[in-house]
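K.L.:
One structure, pasted below without further comment.
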Amino acid sequence: MNILRNIIGGFCLAAMASCGGSQDGAQSATSSAQSSEYPNATIETIMQRRSIRKYKPQPVGRDTLMQIAKCGINAPNAMNRQSWEVRIVDNAETMEKIKALMAEGKEGEDAERAKGCFRGAPVMTFIARDRESDFAAYDCALLAENMMIAAQSLGVGSICLGSPVSFINSASNSEEILQILGFSPEYKLCLCVGLGYADEAPEARERDAEKVKFVD
Ligand SMILES: Cc1cc2nc3c(=O)[nH]c(=O)nc-3n(C[C@H](O)[C@H](O)[C@H](O)COP(=O)(O)O)c2cc1C
């Protein structure tokens with residue numbers, strides 16, 4: 001388990017090393033690593049990240065968002081094709097417009113669920129994958145994870161979201177919603193990452209260490 005953690009930690013450390021410091025006041029969540037139970041700040045950041053579903057209204061500055069996004073695009077990706085496109089919506093009006101269109105594109109209970117699927121995150125990152133690349137979904141997932149770990153290191157909460165993707169891609173007005181985001185025609189919405197300052201500190205959900213086995 002420790003080996004696995006170190007490998008994951010190594011990837012994330014490399015990504016974060018190329019990101020530099022924050023210019024708009026985001027906190028470093030990893031500065032207390034010296035005194036923590038973890039062997040280094042990267043592992044502490046990984047182990048302390050949790051999905052956040054309750055956020056403060058406080059906006060996240062664009063320097064911080066750009067830094068998080070840069071960590072995203074420094075993720076490993078198949079043949080360095082970078083088969084992703086990222087759209088960051090930090091404007092409440094635009095987000096409300098997207099939610100209203102999503103509700104319009106659904107009926108009854110689904111319309112309400114569509115509006116709530118962003119989990120209250122004040123910033124929403126929409127990630128699209130190149131339809132032509134077999135590995136694009138993996139690339140996007142790695143990008144998303146780098147973003148969430150970078151966010152955690154800066155004191156910004158995050159959540160990976162699949163349900164907005166299902167709602168948008170299956171909505172009767174899907175094209176209209178996607179037009180706002182302006183992805184290239186060969187790209188398809190794949191994943192969302194919500195960002196914002198956390199207003200909760202959830203406990204870690206249990207992990208099954210039995211899923212990992214050494215083979216001799
Ligand atoms: C691909 C993917 C899709 C997810 N979709 C949603 C979602 O639609 N809504 C939600 O509340 N959480 C979603 N999550 C978050 C998971 O529920 C969460 O990561 C998991 O329960 C483990 O909790 P933790 O992130 O706090 O460790 C998603 C996570 C992943 C990786």
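Residues are referred to by chain and number: the chain letter is A, B, ... according to the order shown in the structure tokens, the number counts from 1 in that chain, and ligands are numbered separately from 1 in the order shown.
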Env of range 45-57 of chain A: 7 Å cut, atoms = only C-alpha atoms, seq-sep filter 2 positions within chain, self excluded. Answer as a ChimeraX atom specification.

P.N.:
/A:30,41-43,59,119-122,149,152-153,157-159,196-200,202,204

K.L.:
Output C-alpha atoms for every residue in the selection just made, as an mmCIF file, in the first residue's frame.

P.N.:
```
data_model
loop_
_atom_site.group_PDB
_atom_site.id
_atom_site.type_symbol
_atom_site.label_atom_id
_atom_site.label_comp_id
_atom_site.auth_asym_id
_atom_site.auth_seq_id
_atom_site.Cartn_x
_atom_site.Cartn_y
_atom_site.Cartn_z
ATOM 1 C CA THR A 30 0.194 21.302 3.037
ATOM 2 C CA ALA A 41 3.216 17.161 2.162
ATOM 3 C CA THR A 42 2.133 15.511 -1.095
ATOM 4 C CA ILE A 43 0.892 12.386 0.646
ATOM 5 C CA PRO A 59 -15.235 33.244 -4.842
ATOM 6 C CA ARG A 119 -23.511 20.158 -5.448
ATOM 7 C CA GLY A 120 -23.412 23.898 -4.803
ATOM 8 C CA ALA A 121 -19.840 24.420 -6.021
ATOM 9 C CA PRO A 122 -19.354 28.102 -6.926
ATOM 10 C CA ILE A 149 -5.047 17.502 -5.588
ATOM 11 C CA GLN A 152 -6.517 20.682 -1.970
ATOM 12 C CA SER A 153 -2.897 21.856 -1.662
ATOM 13 C CA GLY A 157 -12.277 22.176 -1.919
ATOM 14 C CA SER A 158 -13.364 20.102 -4.896
ATOM 15 C CA ILE A 159 -15.680 17.415 -6.172
ATOM 16 C CA GLY A 196 -14.741 26.347 -4.040
ATOM 17 C CA TYR A 197 -13.920 26.981 -0.404
ATOM 18 C CA ALA A 198 -15.286 24.120 1.700
ATOM 19 C CA ASP A 199 -18.017 24.700 4.268
ATOM 20 C CA GLU A 200 -17.790 21.152 5.587
ATOM 21 C CA PRO A 202 -16.346 15.231 5.709
ATOM 22 C CA ALA A 204 -12.944 9.862 4.608
#
```

K.L.:
Run DSSP on the backbone and give me the residues of range 10-191 of chain A it puts in strand (DSSP E), as a list in words.

P.N.:
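DSSP-assigned strand (DSSP E) residues in range 10-191 of chain A: Trp84, Glu85, Val86, Arg87, Ile88, Val89, Val123, Met124, Thr125, Phe126, Ile127, Ala128, Arg129, Asp130, Gly157, Ser158, Ile159, Cys160, Leu161, Tyr187, Lys188, Leu189, Cys190 and Leu191 of chain A.
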
K.L.:
Those same residues - C-alpha atoms - I'd like them written as a PDB file, in the first residue's frame.

P.N.:
```pdb
ATOM      1  CA  TRP A  84      -8.943  17.292 -23.399  1.00  0.00           C
ATOM      2  CA  GLU A  85     -10.590  20.713 -23.435  1.00  0.00           C
ATOM      3  CA  VAL A  86     -11.324  22.517 -20.175  1.00  0.00           C
ATOM      4  CA  ARG A  87     -13.905  25.251 -19.587  1.00  0.00           C
ATOM      5  CA  ILE A  88     -14.025  27.000 -16.218  1.00  0.00           C
ATOM      6  CA  VAL A  89     -17.270  28.728 -15.268  1.00  0.00           C
ATOM      7  CA  VAL A 123     -16.898  27.237  -9.715  1.00  0.00           C
ATOM      8  CA  MET A 124     -17.576  24.494 -12.229  1.00  0.00           C
ATOM      9  CA  THR A 125     -14.959  23.014 -14.516  1.00  0.00           C
ATOM     10  CA  PHE A 126     -16.302  21.208 -17.562  1.00  0.00           C
ATOM     11  CA  ILE A 127     -13.877  18.754 -19.150  1.00  0.00           C
ATOM     12  CA  ALA A 128     -14.430  17.384 -22.651  1.00  0.00           C
ATOM     13  CA  ARG A 129     -12.653  14.494 -24.360  1.00  0.00           C
ATOM     14  CA  ASP A 130     -11.600  14.055 -27.963  1.00  0.00           C
ATOM     15  CA  GLY A 157     -12.277  22.176  -1.919  1.00  0.00           C
ATOM     16  CA  SER A 158     -13.364  20.102  -4.896  1.00  0.00           C
ATOM     17  CA  ILE A 159     -15.680  17.415  -6.172  1.00  0.00           C
ATOM     18  CA  CYS A 160     -15.510  15.198  -9.237  1.00  0.00           C
ATOM     19  CA  LEU A 161     -18.953  14.988 -10.866  1.00  0.00           C
ATOM     20  CA  TYR A 187     -14.996  16.995 -28.325  1.00  0.00           C
ATOM     21  CA  LYS A 188     -17.609  15.419 -26.031  1.00  0.00           C
ATOM     22  CA  LEU A 189     -18.361  16.390 -22.395  1.00  0.00           C
ATOM     23  CA  CYS A 190     -16.678  13.781 -20.184  1.00  0.00           C
ATOM     24  CA  LEU A 191     -16.350  14.955 -16.562  1.00  0.00           C
TER      25      LEU A 191
END
```

K.L.:
Could you check the closest approach to ligand 1 for each of A:Lys213, A:Lys99, A:Arg205, A:Arg113 and tell me which residue wins, using only C-alpha atoms and all ligand atoms?

P.N.:
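Result for the nearest residue to ligand 1: A:Arg205.
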
K.L.:
Kindly indicate which residue among A:Asp110, A:Glu132, A:Asp90, A:Glu37 lies nearest to Leu195 in chain A, using only C-alpha atoms for the distances.

P.N.:
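Nearest to Leu195 in chain A: A:Asp90.
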
K.L.:
Determine, counting only C-alpha atoms, which protein, DNA and RNA residues have an atom within 9 Å of an atom of Cys117 in chain A; residues of the same chain fewer than 6 positions away are not included. Present the result as a list in words.

P.N.:
Leu161, Gly162, Ser163, Pro164 and Phe167 of chain A

K.L.:
With only C-alpha atoms and all ligand atoms as the atoms that count, which of A:Asp134, A:Val215, A:Pro185, A:Gly194 lies nearest to ligand 1?

P.N.:
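Closest residue, counting only C-alpha atoms and all ligand atoms: A:Gly194.
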
K.L.:
Please, which residues of range 59-88 of chain A, numbered as in this document, come out alpha helix (DSSP H) from DSSP, as a list in words?

P.N.:
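Here is the list: Arg62, Asp63, Thr64, Leu65, Met66, Gln67, Ile68, Ala69, Lys70, Cys71, Gly72 and Ile73 of chain A.
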
K.L.:
Please produce an output containing N, CA and C atoms for each residue in the selection, written as a short mmCIF file (atom, residue, chain, number, x, y, z; two decimals), in the first residue's frame.

P.N.:
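What ended up in out-v2.cif:
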```cif
data_model
loop_
_atom_site.label_atom_id
_atom_site.label_comp_id
_atom_site.auth_asym_id
_atom_site.auth_seq_id
_atom_site.Cartn_x
_atom_site.Cartn_y
_atom_site.Cartn_z
N ARG A 62 -9.05 34.07 -9.93
CA ARG A 62 -8.67 33.46 -11.22
C ARG A 62 -7.21 33.00 -11.26
N ASP A 63 -6.31 33.67 -10.51
CA ASP A 63 -4.92 33.19 -10.47
C ASP A 63 -4.89 31.78 -9.89
N THR A 64 -5.65 31.59 -8.82
CA THR A 64 -5.71 30.26 -8.19
C THR A 64 -6.33 29.25 -9.14
N LEU A 65 -7.41 29.65 -9.81
CA LEU A 65 -8.08 28.71 -10.74
C LEU A 65 -7.14 28.34 -11.89
N MET A 66 -6.38 29.36 -12.37
CA MET A 66 -5.46 29.09 -13.48
C MET A 66 -4.35 28.14 -13.03
N GLN A 67 -3.89 28.35 -11.80
CA GLN A 67 -2.83 27.48 -11.27
C GLN A 67 -3.34 26.03 -11.16
N ILE A 68 -4.57 25.88 -10.71
CA ILE A 68 -5.18 24.55 -10.59
C ILE A 68 -5.31 23.93 -11.99
N ALA A 69 -5.76 24.74 -12.95
CA ALA A 69 -5.94 24.23 -14.32
C ALA A 69 -4.59 23.84 -14.93
N LYS A 70 -3.55 24.63 -14.64
CA LYS A 70 -2.21 24.30 -15.18
C LYS A 70 -1.72 22.97 -14.63
N CYS A 71 -2.03 22.72 -13.35
CA CYS A 71 -1.68 21.40 -12.79
C CYS A 71 -2.46 20.32 -13.53
N GLY A 72 -3.71 20.62 -13.88
CA GLY A 72 -4.51 19.66 -14.64
C GLY A 72 -3.85 19.29 -15.95
N ILE A 73 -3.45 20.29 -16.71
CA ILE A 73 -2.91 20.00 -18.05
C ILE A 73 -1.47 19.48 -18.00
#
```
